[in-house]
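**Student:** So I've got this file, my_file_9.txt, and it contains compact mmCIF, C-alpha atoms:
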# COMPACT_ATOMS: atom_id res chain seq x y z
CA MET A 892 -16.74 -13.69 8.66
CA ALA A 893 -18.25 -16.88 7.26
CA TYR A 894 -15.51 -18.92 8.94
CA LEU A 895 -16.00 -17.04 12.18
CA GLY A 896 -19.75 -17.68 12.06
CA ALA A 897 -19.17 -21.34 11.35
CA SER A 898 -16.70 -21.68 14.19
CA LEU A 899 -19.02 -19.90 16.61
CA CYS A 900 -21.82 -22.23 15.58
CA ILE A 901 -19.65 -25.30 16.03
CA TRP A 902 -18.40 -24.31 19.47
CA TRP A 903 -21.77 -23.23 20.70
CA LEU A 904 -23.42 -26.39 19.45
CA SER A 905 -20.63 -28.54 20.82
CA GLY A 906 -22.02 -28.11 24.32
CA PHE A 907 -25.55 -29.24 23.45
CA VAL A 908 -25.61 -31.33 20.30
CA PRO A 909 -23.82 -34.67 19.87
CA TRP A 910 -20.68 -34.53 17.74
CA PHE A 911 -22.12 -36.64 14.94
CA LEU A 912 -24.83 -34.06 14.24
CA LEU A 913 -22.31 -31.23 13.83
CA PRO A 914 -21.47 -30.61 10.18
CA ASP A 915 -17.77 -30.10 9.52
CA PHE A 916 -17.89 -26.56 8.09
CA PRO A 917 -14.12 -26.09 7.73
CA PHE A 918 -13.97 -29.35 5.78
CA LEU A 919 -16.71 -28.10 3.47
CA ALA A 920 -14.89 -24.77 2.99
CA ILE A 921 -11.70 -26.59 1.98
CA VAL A 922 -13.49 -28.92 -0.44
CA TYR A 923 -15.46 -26.02 -1.94
CA SER A 924 -12.23 -24.07 -2.51
CA GLY A 925 -10.75 -27.08 -4.29
CA LEU A 926 -13.78 -27.85 -6.41
CA PHE A 927 -15.00 -24.40 -7.41
CA VAL A 928 -12.42 -21.67 -6.74
CA PRO A 929 -9.61 -21.90 -9.30
CA GLY A 930 -5.96 -20.90 -9.00
CA VAL A 931 -4.23 -19.08 -6.19
CA ALA A 932 -7.54 -17.71 -4.83
CA GLY A 933 -8.69 -21.25 -4.04
CA PHE A 934 -5.41 -22.07 -2.33
CA LEU A 935 -5.64 -18.92 -0.19
CA CYS A 936 -9.29 -19.68 0.65
CA ALA A 937 -8.31 -23.16 1.84
CA LEU A 938 -5.55 -21.95 4.19
CA PRO A 939 -7.72 -20.39 6.99
CA PRO A 940 -10.07 -23.38 7.43
CA ALA A 941 -7.06 -25.73 7.36
CA LEU A 942 -5.44 -23.70 10.15
CA PHE A 943 -8.79 -23.61 11.92
CA ARG A 944 -8.98 -27.43 11.87
CA GLU A 945 -5.41 -27.68 13.10
CA ILE A 946 -6.20 -25.51 16.11
CA THR A 947 -9.60 -26.93 17.04
CA MET A 948 -8.66 -30.61 16.82
CA SER A 949 -6.30 -32.31 19.22
CA SER A 950 -4.30 -34.16 16.58
CA PRO A 951 -0.49 -34.26 16.67
CA SER A 952 0.93 -30.84 15.78
CA TRP A 953 0.43 -29.79 12.15
CA SER A 954 -0.83 -33.20 11.01
CA MET A 955 -4.39 -31.95 10.54
CA PHE A 956 -3.17 -28.84 8.67
CA LEU A 957 -1.10 -30.94 6.23
CA GLY A 958 -3.94 -33.43 5.87
CA SER A 959 -6.40 -30.62 5.14
CA MET A 960 -4.13 -29.17 2.46
CA ALA A 961 -3.82 -32.65 0.92
CA LEU A 962 -7.61 -32.71 0.94
CA TYR A 963 -7.65 -29.37 -0.89
CA PHE A 964 -5.34 -30.61 -3.67
CA ALA A 965 -7.27 -33.89 -3.96
CA SER A 966 -10.56 -32.04 -4.30
CA ARG A 967 -8.95 -29.75 -6.90
CA GLU A 968 -7.96 -32.79 -8.90
CA ILE A 969 -11.47 -34.22 -8.57
CA GLY A 970 -12.97 -30.87 -9.60
CA ARG A 971 -10.74 -30.73 -12.65
CA ARG A 972 -11.11 -34.29 -13.92
CA PHE A 973 -14.22 -36.03 -12.64
CA LEU A 974 -16.74 -33.56 -11.27
CA LEU A 975 -19.97 -32.79 -13.10
CA ARG A 976 -22.11 -29.95 -11.79
CA SER A 977 -24.90 -32.25 -10.67
CA GLU A 978 -26.20 -33.29 -7.28
CA PRO A 979 -25.21 -36.98 -7.45
CA SER A 980 -21.70 -36.13 -8.62
CA LEU A 981 -21.21 -33.55 -5.84
CA LEU A 982 -22.67 -35.88 -3.23
CA SER A 983 -20.41 -38.77 -4.23
CA ALA A 984 -17.33 -36.49 -4.26
CA VAL A 985 -17.99 -35.13 -0.75
CA VAL A 986 -18.95 -38.54 0.68
CA SER A 987 -15.82 -40.17 -0.74
CA LEU A 988 -13.54 -37.39 0.59
CA LEU A 989 -15.15 -37.48 4.05
CA ALA A 990 -14.97 -41.27 4.18
CA ALA A 991 -11.37 -41.32 2.94
CA GLU A 992 -10.30 -38.81 5.59
CA SER A 993 -12.11 -40.64 8.38
CA PHE A 994 -10.74 -44.01 7.29
CA SER A 995 -7.18 -42.62 7.16
CA VAL A 996 -7.33 -41.22 10.71
CA VAL A 997 -8.94 -44.37 12.09
CA LEU A 998 -6.31 -46.51 10.38
CA LEU A 999 -3.47 -44.37 11.74
CA LEU A 1000 -4.87 -44.42 15.27
CA THR A 1001 -5.46 -48.16 15.11
CA LEU A 1002 -1.96 -48.82 13.81
CA SER A 1003 -0.53 -46.68 16.61
CA GLY A 1004 -2.20 -48.98 19.14
CA ALA A 1005 -5.22 -46.88 20.12
CA ARG A 1006 -8.63 -48.51 19.88
CA PRO A 1007 -11.19 -45.90 20.90
CA PHE A 1008 -13.65 -46.94 18.18
CA SER A 1009 -16.69 -49.16 18.50
CA PHE A 1010 -19.61 -50.28 16.37
CA LEU A 1011 -21.68 -47.45 17.82
CA TRP A 1012 -18.95 -44.98 16.90
CA GLY A 1013 -18.98 -46.31 13.33
CA ALA A 1014 -22.73 -45.78 13.08
CA GLN A 1015 -22.40 -42.25 14.46
CA GLU A 1016 -19.59 -41.47 12.04
CA ALA A 1017 -21.75 -42.70 9.16
CA VAL A 1018 -24.48 -40.29 10.30
CA ARG A 1019 -21.94 -37.44 10.42
CA ILE A 1020 -20.68 -38.21 6.91
CA ALA A 1021 -24.21 -38.45 5.52
CA TRP A 1022 -25.34 -35.29 7.30
CA THR A 1023 -22.33 -33.21 6.22
CA SER A 1024 -22.63 -34.45 2.63
CA LEU A 1025 -26.34 -33.67 2.45
CA ILE A 1026 -25.66 -30.13 3.63
CA ALA A 1027 -22.80 -29.79 1.16
CA VAL A 1028 -24.82 -30.34 -2.03
CA PRO A 1029 -27.27 -27.40 -1.85
CA LEU A 1030 -24.61 -25.23 -0.21
CA PHE A 1031 -22.03 -25.86 -2.94
CA LEU A 1032 -24.53 -25.42 -5.77
CA ASP A 1033 -25.78 -22.14 -4.30
CA LEU A 1034 -22.28 -20.81 -3.63
CA SER A 1035 -21.01 -21.82 -7.08
CA VAL A 1036 -23.84 -19.89 -8.74
CA ARG A 1037 -23.03 -16.85 -6.59
CA TRP A 1038 -19.31 -17.18 -7.33
CA ARG A 1039 -20.02 -17.36 -11.05
CA SER A 1040 -22.21 -14.24 -10.92
CA VAL A 1041 -19.48 -12.40 -8.97
CA LYS A 1042 -16.94 -13.35 -11.64
CA GLU A 1043 -19.26 -12.18 -14.44
CA MET B 1342 7.79 -37.03 -18.30
CA GLY B 1343 7.33 -33.25 -18.13
CA SER B 1344 3.79 -33.49 -19.40
CA PHE B 1345 3.01 -36.19 -16.80
CA PHE B 1346 4.02 -33.82 -13.96
CA ARG B 1347 2.14 -30.92 -15.61
CA ASN B 1348 -1.01 -33.02 -15.84
CA TRP B 1349 -0.90 -34.66 -12.42
CA TRP B 1350 0.94 -32.18 -10.19
CA ARG B 1351 -2.11 -31.55 -7.99
CA LEU B 1352 -2.47 -35.24 -7.22
CA LEU B 1353 1.27 -35.56 -6.58
CA VAL B 1354 1.17 -32.59 -4.20
CA ALA B 1355 -1.85 -34.14 -2.45
CA VAL B 1356 -0.02 -37.46 -2.02
CA THR B 1357 3.15 -35.72 -0.79
CA LEU B 1358 1.16 -33.69 1.77
CA LEU B 1359 -0.68 -36.81 2.89
CA VAL B 1360 2.60 -38.67 3.41
CA ALA B 1361 3.96 -35.67 5.34
CA ALA B 1362 0.80 -35.60 7.48
CA ILE B 1363 1.14 -39.33 8.24
CA GLN B 1364 4.80 -38.84 9.11
CA VAL B 1365 3.97 -35.97 11.48
CA PHE B 1366 1.10 -37.99 12.97
CA VAL B 1367 3.28 -41.00 13.69
CA ARG B 1368 6.45 -39.15 14.66
CA PRO B 1369 6.03 -35.45 15.60
CA SER B 1370 8.78 -33.37 14.03
CA THR B 1371 10.87 -30.74 15.83
CA ALA B 1372 11.49 -28.99 12.49
CA LEU B 1373 7.90 -27.71 12.57
CA GLU B 1374 8.62 -25.69 15.72
CA ARG B 1375 9.53 -22.80 13.43
CA ALA B 1376 5.91 -22.64 12.32
CA GLU B 1377 4.68 -22.15 15.91
CA PRO B 1378 4.13 -18.37 15.44
CA VAL B 1379 1.55 -19.22 12.74
CA ARG B 1380 -0.27 -21.49 15.17
CA ALA B 1381 -0.06 -18.85 17.90
CA ALA B 1382 -1.56 -16.29 15.50
CA GLY B 1383 -4.36 -18.72 14.68
CA VAL B 1384 -5.04 -19.36 18.37
CA ALA B 1385 -5.12 -15.60 19.03
CA LEU B 1386 -7.59 -15.24 16.17
CA PHE B 1387 -9.95 -17.93 17.47
CA ARG B 1388 -9.60 -17.31 21.22
CA PRO B 1389 -12.36 -14.64 21.26
CA VAL B 1390 -14.66 -17.13 19.52
CA TYR B 1391 -14.07 -19.63 22.34
CA SER B 1392 -14.77 -16.88 24.88
CA ALA B 1393 -17.94 -15.85 23.04
CA ALA B 1394 -19.14 -19.45 22.88
CA ASP B 1395 -18.42 -19.87 26.59
CA PHE B 1396 -20.27 -16.62 27.35
CA LEU B 1397 -23.29 -17.70 25.29
CA ARG B 1398 -23.36 -21.11 26.91
CA GLY B 1399 -23.14 -19.54 30.37
CA GLY B 1400 -25.92 -17.09 29.51
CA LEU B 1401 -28.20 -19.83 28.24
CA SER B 1402 -27.68 -22.05 31.25
CA GLY B 1403 -28.26 -18.98 33.47
CA VAL B 1404 -31.63 -18.30 31.82
CA TRP B 1405 -32.50 -21.97 32.21
CA ASN B 1406 -31.48 -22.17 35.86
CA ARG B 1407 -33.03 -18.87 36.93
CA TYR B 1408 -36.34 -18.93 35.10
CA ILE B 1409 -37.34 -22.13 33.37
CA ALA B 1410 -36.11 -24.52 36.04
CA LEU B 1411 -38.00 -22.52 38.72
CA VAL B 1412 -41.22 -24.28 37.77
CA GLY B 1413 -42.13 -26.49 40.69
CA VAL B 1414 -39.50 -24.90 42.91
CA SER B 1415 -41.88 -24.34 45.84
CA ARG B 1416 -42.57 -28.07 46.04
CA GLU B 1417 -38.87 -28.80 45.98
CA ASN B 1418 -38.30 -26.07 48.59
CA GLU B 1419 -40.69 -27.79 50.98
CA ARG B 1420 -38.93 -31.12 50.46
CA LEU B 1421 -35.52 -29.52 50.99
CA ARG B 1422 -36.63 -27.88 54.26
CA LYS B 1423 -37.59 -31.28 55.65
CA GLU B 1424 -34.30 -32.70 54.44
CA VAL B 1425 -32.31 -29.89 56.10
CA THR B 1426 -34.06 -30.54 59.41
CA GLU B 1427 -33.23 -34.23 59.22
CA LEU B 1428 -29.63 -33.49 58.27
CA ARG B 1429 -29.23 -31.05 61.19
CA GLU B 1430 -30.37 -33.74 63.58
CA ARG B 1431 -27.88 -36.18 62.07
CA LEU B 1432 -25.14 -33.54 62.23
CA HIS B 1433 -25.69 -33.00 65.95
CA ALA B 1434 -25.56 -36.75 66.49
CA THR B 1435 -22.23 -37.10 64.75
CA ARG B 1436 -20.57 -33.88 65.91
CA ASP B 1437 -17.33 -35.60 66.89
CA ALA B 1438 -17.04 -37.30 63.54
CA VAL B 1439 -17.70 -34.01 61.75
CA LEU B 1440 -15.02 -32.19 63.74
CA GLU B 1441 -12.52 -34.93 63.05
CA ASN B 1442 -13.41 -34.90 59.39
CA ARG B 1443 -12.88 -31.14 59.25
CA ARG B 1444 -9.47 -31.42 60.86
CA LEU B 1445 -8.45 -34.15 58.45
CA LYS B 1446 -9.66 -32.08 55.50
CA GLU B 1447 -7.63 -29.11 56.66
CA LEU B 1448 -4.62 -31.32 57.05
CA LEU B 1449 -5.12 -32.79 53.61
CA SER B 1450 -5.53 -29.42 51.92
CA TYR B 1451 -2.42 -28.19 53.75
CA SER B 1452 -0.35 -31.11 52.51
CA ARG B 1453 -1.68 -30.58 49.01
CA THR B 1454 -0.67 -26.93 49.14
CA ILE B 1455 2.82 -27.89 50.17
CA GLU B 1456 3.33 -30.69 47.62
CA GLN B 1457 1.31 -29.72 44.59
CA ARG B 1458 0.08 -26.33 43.53
CA THR B 1459 -3.18 -26.32 41.58
CA LEU B 1460 -4.83 -23.85 39.28
CA GLY B 1461 -8.55 -23.53 38.55
CA ALA B 1462 -9.47 -23.18 34.88
CA ARG B 1463 -12.68 -22.85 32.88
CA VAL B 1464 -13.56 -25.22 30.07
CA VAL B 1465 -14.22 -23.05 27.01
CA GLY B 1466 -14.67 -25.61 24.26
CA HIS B 1467 -14.68 -29.21 23.15
CA ASP B 1468 -12.86 -30.95 20.34
CA VAL B 1469 -15.55 -31.42 17.70
CA SER B 1470 -13.68 -33.99 15.62
CA PRO B 1471 -14.97 -37.57 15.69
CA TRP B 1472 -11.54 -39.11 16.21
CA PHE B 1473 -10.08 -37.33 19.23
CA ARG B 1474 -11.37 -36.61 22.73
CA ALA B 1475 -10.18 -33.27 24.10
CA ILE B 1476 -11.37 -30.11 25.81
CA PHE B 1477 -9.97 -26.59 25.71
CA LEU B 1478 -9.24 -24.49 28.79
CA GLY B 1479 -9.34 -20.68 28.82
CA THR B 1480 -5.97 -20.50 30.61
CA GLY B 1481 -2.63 -21.09 28.95
CA SER B 1482 1.12 -20.78 29.20
CA GLU B 1483 0.94 -17.37 30.94
CA ALA B 1484 -0.40 -19.12 34.07
CA GLY B 1485 2.44 -21.63 34.16
CA ILE B 1486 0.60 -24.51 32.50
CA GLU B 1487 2.86 -26.95 30.66
CA SER B 1488 2.35 -30.03 28.52
CA GLY B 1489 1.93 -33.23 30.51
CA MET B 1490 0.40 -31.64 33.62
CA SER B 1491 -2.57 -33.49 35.13
CA VAL B 1492 -6.10 -32.11 35.03
CA VAL B 1493 -8.60 -33.22 37.67
CA THR B 1494 -11.95 -32.35 39.25
CA PRO B 1495 -13.22 -33.24 42.74
CA TYR B 1496 -15.05 -36.17 41.09
CA GLY B 1497 -11.99 -37.66 39.41
CA ALA B 1498 -9.41 -37.40 36.66
CA VAL B 1499 -10.06 -35.46 33.47
CA GLY B 1500 -6.84 -35.92 31.51
CA ARG B 1501 -3.47 -34.43 30.69
CA ILE B 1502 -2.42 -31.13 29.15
CA HIS B 1503 -1.58 -31.91 25.53
CA LYS B 1504 -0.71 -28.55 23.96
CA VAL B 1505 -0.34 -25.12 25.52
CA HIS B 1506 -0.77 -21.74 23.84
CA PRO B 1507 -1.01 -18.24 25.31
CA GLY B 1508 -4.52 -18.04 26.80
CA LEU B 1509 -5.56 -21.52 25.71
CA SER B 1510 -4.68 -25.08 26.71
CA GLU B 1511 -5.73 -28.36 25.19
CA VAL B 1512 -6.49 -31.30 27.48
CA LEU B 1513 -6.29 -34.86 26.19
CA LEU B 1514 -9.14 -36.64 27.98
CA VAL B 1515 -8.63 -39.99 29.70
CA THR B 1516 -11.09 -41.48 27.19
CA ASP B 1517 -8.94 -40.54 24.17
CA GLY B 1518 -7.35 -43.54 22.49
CA ARG B 1519 -3.88 -42.01 22.88
CA PHE B 1520 -4.18 -41.73 26.69
CA ALA B 1521 -2.53 -44.40 28.82
CA ALA B 1522 -1.53 -44.41 32.50
CA ASP B 1523 -0.69 -46.78 35.32
CA VAL B 1524 -3.72 -47.49 37.54
CA MET B 1525 -4.74 -49.88 40.30
CA VAL B 1526 -7.89 -51.41 41.67
CA GLU B 1527 -8.60 -49.62 44.94
CA ARG B 1528 -9.89 -52.73 46.75
CA SER B 1529 -7.43 -55.42 45.66
CA ARG B 1530 -4.45 -53.19 44.64
CA VAL B 1531 -4.17 -55.02 41.30
CA ARG B 1532 -2.18 -52.88 38.85
CA ALA B 1533 -3.00 -52.32 35.19
CA ILE B 1534 -2.64 -49.88 32.33
CA ALA B 1535 -5.72 -47.75 31.66
CA GLU B 1536 -6.30 -46.77 28.07
CA GLY B 1537 -8.96 -44.49 26.57
CA ALA B 1538 -11.75 -46.40 24.84
CA GLY B 1539 -13.94 -43.56 23.53
CA GLY B 1540 -17.37 -42.49 24.77
CA ASN B 1541 -17.09 -42.18 28.54
CA PHE B 1542 -15.06 -45.36 28.97
CA CYS B 1543 -11.54 -46.66 29.49
CA ARG B 1544 -10.25 -50.21 29.28
CA LEU B 1545 -7.75 -51.89 31.59
CA LYS B 1546 -4.92 -53.84 29.99
CA TYR B 1547 -2.65 -56.62 31.22
CA ILE B 1548 -4.79 -58.04 34.03
CA SER B 1549 -4.32 -61.80 34.14
CA PRO B 1550 -7.35 -64.08 34.75
CA ALA B 1551 -6.04 -64.96 38.22
CA GLN B 1552 -6.13 -61.36 39.43
CA ASP B 1553 -9.03 -60.02 41.45
CA VAL B 1554 -11.19 -57.45 39.64
CA ALA B 1555 -14.96 -57.25 39.92
CA VAL B 1556 -17.78 -55.10 38.63
CA GLY B 1557 -18.19 -52.05 40.86
CA ASP B 1558 -14.51 -51.80 41.82
CA ARG B 1559 -13.12 -48.28 41.93
CA ILE B 1560 -10.03 -47.65 39.79
CA VAL B 1561 -7.49 -45.06 40.93
CA PHE B 1562 -4.22 -43.85 39.46
CA SER B 1563 -1.19 -45.52 41.01
CA GLY B 1564 1.19 -42.62 40.42
CA PHE B 1565 4.01 -45.07 39.63
CA ASP B 1566 4.49 -43.83 36.07
CA GLY B 1567 4.62 -40.22 37.22
CA SER B 1568 2.04 -39.10 34.71
CA MET B 1569 -1.00 -38.73 36.98
CA PRO B 1570 -1.15 -38.07 40.75
CA LYS B 1571 -1.55 -41.10 43.00
CA GLY B 1572 -5.01 -41.83 44.34
CA VAL B 1573 -7.03 -39.77 41.87
CA LEU B 1574 -10.18 -41.62 40.86
CA LEU B 1575 -10.48 -42.77 37.25
CA GLY B 1576 -13.85 -44.51 37.44
CA THR B 1577 -15.75 -47.69 38.24
CA VAL B 1578 -15.51 -51.10 36.61
CA VAL B 1579 -18.69 -51.80 34.63
CA SER B 1580 -17.79 -55.08 32.95
CA VAL B 1581 -15.25 -57.87 33.34
CA ASP B 1582 -14.85 -60.43 30.58
CA ARG B 1583 -12.61 -63.48 30.91
CA PRO B 1584 -12.29 -65.00 27.44
CA LYS B 1585 -10.88 -68.52 27.41
CA GLU B 1586 -8.54 -67.91 24.50
CA SER B 1587 -6.99 -64.73 25.90
CA LEU B 1588 -4.11 -64.22 28.32
CA PHE B 1589 -5.73 -61.18 29.90
CA GLN B 1590 -9.12 -60.12 31.20
CA LYS B 1591 -11.13 -57.50 29.32
CA VAL B 1592 -12.08 -54.86 31.86
CA LYS B 1593 -14.19 -51.84 30.98
CA VAL B 1594 -14.26 -48.79 33.24
CA GLN B 1595 -16.83 -46.00 33.24
CA CYS B 1596 -15.13 -42.69 34.03
CA SER B 1597 -16.31 -40.87 37.11
CA VAL B 1598 -16.38 -37.50 35.33
CA ASN B 1599 -18.96 -36.65 32.69
CA PHE B 1600 -16.72 -34.80 30.24
CA GLN B 1601 -19.56 -33.23 28.29
CA ASP B 1602 -20.86 -31.42 31.38
CA VAL B 1603 -17.62 -30.45 33.11
CA GLU B 1604 -17.24 -26.65 33.32
CA GLU B 1605 -14.37 -26.03 35.73
CA VAL B 1606 -11.26 -28.13 36.30
CA MET B 1607 -8.06 -28.02 38.34
CA VAL B 1608 -4.66 -28.19 36.70
CA ILE B 1609 -1.96 -29.66 38.95
CA LEU B 1610 0.99 -27.37 38.39
CA SER B 1611 3.71 -29.91 38.91
CA ARG B 1612 5.73 -31.23 36.01
CA PRO B 1613 5.33 -34.93 35.25
CA SER B 1614 8.31 -36.96 36.40
CA VAL B 1615 8.33 -38.73 33.03
CA PRO B 1616 8.91 -36.30 30.12
CA TYR B 1617 5.81 -35.81 28.03
CA ARG B 1618 6.17 -36.48 24.30
CA ALA B 1619 4.01 -33.52 23.21
CA VAL B 1620 6.67 -31.15 24.56
CA LYS B 1621 8.75 -32.01 21.52
CA ASP B 1622 5.88 -31.38 19.08
Would you mind writing the file out in structure tokens?
**Tutor:**
Amino acid sequence: MAYLGASLCIWWLSGFVPWFLLPDFPFLAIVYSGLFVPGVAGFLCALPPALFREITMSSPSWSMFLGSMALYFASREIGRRFLLRSEPSLLSAVVSLLAAESFSVVLLLTLSGARPFSFLWGAQEAVRIAWTSLIAVPLFLDLSVRWRSVKE
Amino acid sequence: MGSFFRNWWRLLVAVTLLVAAIQVFVRPSTALERAEPVRAAGVALFRPVYSAADFLRGGLSGVWNRYIALVGVSRENERLRKEVTELRERLHATRDAVLENRRLKELLSYSRTIEQRTLGARVVGHDVSPWFRAIFLGTGSEAGIESGMSVVTPYGAVGRIHKVHPGLSEVLLVTDGRFAADVMVERSRVRAIAEGAGGNFCRLKYISPAQDVAVGDRIVFSGFDGSMPKGVLLGTVVSVDRPKESLFQKVKVQCSVNFQDVEEVMVILSRPSVPYRAVKD
């Protein structure tokens, strides 16, 4: 239901609000699963938003799904080795993952000969990364507390 | 060695998946066709969300148009009455031209019916990713839509069908970086390749400095590459740059369609004469 709500919000907003002000909720769900939900449960939680991204983005078939699952395993590794449960640590993890994903796609598109990016686009993308990361910190901290209380 | 894999298996899986994603991005694999039922299930799951979003958007714009935008309508009504009177007078004066125009329109629509069947479709969503430019249509493979078909509006070209699912189609917009098609300048008939440049713009490639292109020129599809129908408007040239060190001019085109506001489109139901690569996806 959370994914459905997020998707409804994204699609509804997509008609009115510029793309760079839309937080990437499926991305956040995947990263949260990697950072805070251990084991098979985390993997299963990451599958629906990865499929969701695959369907709602016009990337070549299955590339976004595979990329999202790579993101899940990378965030799991970060959660296991580097992450401290503090705001700066969470913020830097989410910013670096968002920036790494964006840089990878831009690099691939540029290498394939497409050049749809401009300086303005770069500024807008920076706003999107900052905005999504700022939402992620309180959201992740709140959800992790809830998840811990559910486990207890 | 075993302990290395035990310690770092997550990172190794992440790297493997990333390499696989890059491989699929660069060269779409036919082996993944077996996984299409999973995608179809996902599309079926999210199709009602698209419909709900479309319904909400329609409802909101209805409230806006019917109630909020009515403020000041009487003033506008008065102005429109005067305008209608003036237009009627003009219409009487040019009756012959109007009748001829009507005949030509009928002839044109008849020829279109014979040569190319079209299908009206509603836009139900936009691609929200920052990297790709696409829209989603609420009609899919059940209506005969196939990958590579052209999508247009009366104002100009929208793009090409990229992926088709039951009840949902994805249109790659002309402004997407992966879009390219053969075009020509309407006035001087200079040919070029139009490529998506993001925003609401395209760029024209391979126009030599000696060729005649100017700001304000209309750019239409040539139809020579078989990907888009001949004569459909792409947009208007907004800037022409002739750098001394370059072999070609840098021409920027503003698309005639505002893709954020488009609500209904027409899909031309004729297969492209050049096979579309997404078919193999």
**Student:** Just give me the gap between atom CA of A:Phe994 and atom CA of B:Leu1359 in Å, one decimal is fine.
**Tutor:**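 We find that atom CA of A:Phe994 and atom CA of B:Leu1359 lie 13.1 Å from each other.
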**Student:** Would you list the contacts of A:Ala990 as a ChimeraX atom specification, taking every protein, DNA or RNA residue within 9 Å and counting all atoms listed in the file, but skipping same-chain residues closer than 4 positions in sequence?
**Tutor:** /A:985-986,994-995,1017,1020
**Student:** Just checking: using all atoms listed in the file, which residue out of A:Ser987, A:Ser924, A:Ser966, A:Thr947 ends up closest to B:Gly1383?
**Tutor:**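 The shortest atom-to-atom distance to B:Gly1383 comes from A:Thr947.
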**Student:** Identify every residue of chain B that has at least one atom within 8 Å of any atom of chain A, counting all atoms listed in the file, and report the result as a ChimeraX atom specification.
**Tutor:** /B:1351-1352,1354-1359,1361-1363,1365-1367,1369,1373,1380,1383-1384,1390-1391,1393-1395,1397-1398,1466-1475,1503,1511,1513,1516-1519,1537-1539,1601-1602,1619,1622
**Student:** Please indicate the distance in Å from atom CA of A:Ala991 to atom CA of B:Phe1387, rounded to one decimal place.
**Tutor:**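 The value is 27.6 Å.
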**Student:** Applying 9 Å and all atoms listed in the file, which residues near stretch 1478-1486 of chain B remain after dropping the ones on its own chain fewer than 2 positions away? List them as a PyMOL selection string.
**Tutor:** chain B and resi 1388+1391-1392+1460-1466+1476+1488+1490+1502+1505-1512+1605-1606+1608-1611
**Student:** If we count all atoms listed in the file and set the cut-off at 10 Å, which residues sit around A:Phe1031, ignoring sequence neighbours fewer than 2 positions away in its own chain? Please answer as a PyMOL selection string.
**Tutor:** chain A and resi 919-920+922-924+926-927+976+978+981+1026-1029+1033-1037
**Student:** Those selected residues, please, written with C-alpha atoms and delivered as a PDB file, keeping the file's coordinate frame.
**Tutor:**
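Contents of the output file out_5.pdb:
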ATOM      1  CA  LEU A 919     -16.710 -28.100   3.470  1.00  0.00           C
ATOM      2  CA  ALA A 920     -14.890 -24.770   2.990  1.00  0.00           C
ATOM      3  CA  VAL A 922     -13.490 -28.920  -0.440  1.00  0.00           C
ATOM      4  CA  TYR A 923     -15.460 -26.020  -1.940  1.00  0.00           C
ATOM      5  CA  SER A 924     -12.230 -24.070  -2.510  1.00  0.00           C
ATOM      6  CA  LEU A 926     -13.780 -27.850  -6.410  1.00  0.00           C
ATOM      7  CA  PHE A 927     -15.000 -24.400  -7.410  1.00  0.00           C
ATOM      8  CA  ARG A 976     -22.110 -29.950 -11.790  1.00  0.00           C
ATOM      9  CA  GLU A 978     -26.200 -33.290  -7.280  1.00  0.00           C
ATOM     10  CA  LEU A 981     -21.210 -33.550  -5.840  1.00  0.00           C
ATOM     11  CA  ILE A1026     -25.660 -30.130   3.630  1.00  0.00           C
ATOM     12  CA  ALA A1027     -22.800 -29.790   1.160  1.00  0.00           C
ATOM     13  CA  VAL A1028     -24.820 -30.340  -2.030  1.00  0.00           C
ATOM     14  CA  PRO A1029     -27.270 -27.400  -1.850  1.00  0.00           C
ATOM     15  CA  ASP A1033     -25.780 -22.140  -4.300  1.00  0.00           C
ATOM     16  CA  LEU A1034     -22.280 -20.810  -3.630  1.00  0.00           C
ATOM     17  CA  SER A1035     -21.010 -21.820  -7.080  1.00  0.00           C
ATOM     18  CA  VAL A1036     -23.840 -19.890  -8.740  1.00  0.00           C
ATOM     19  CA  ARG A1037     -23.030 -16.850  -6.590  1.00  0.00           C
TER      20      ARG A1037
END
**Student:** Residues at most 12 Å from B:Asp1523, counting all atoms listed in the file, excluding those fewer than 3 positions away in the same chain, as number ranges by chain?
**Tutor:** B: 1515, 1520, 1526, 1530-1536, 1544-1547, 1560-1573, 1575
**Student:** Provide the atom CA of B:Arg1528 to atom CA of B:Asp1558 distance in Å, to one decimal place.
**Tutor:** 6.8 Å
**Student:** Show me, as AutoDock Vina command-line options, the centre and edge lengths in Å to one decimal of the axis-aligned box that covers every listed atom of stretch 909-922 of chain A with 5 Å on each side.
**Tutor:**
--center_x -18.3 --center_y -30.7 --center_z 9.7 --size_x 23.1 --size_y 21.9 --size_z 30.3
**Student:** Near B:Leu1588, counting all atoms listed in the file, which residues have an atom at most 8 Å away, once you skip same-chain residues fewer than 2 positions from it, shown as a PyMOL selection string?
**Tutor:** chain B and resi 1549-1550+1586+1590
**Student:** With distances taken over all atoms listed in the file, which residue among A:Val928, A:Ile921, A:Val1041, A:Leu1030 lies nearest A:Leu988?
**Tutor:** A:Ile921
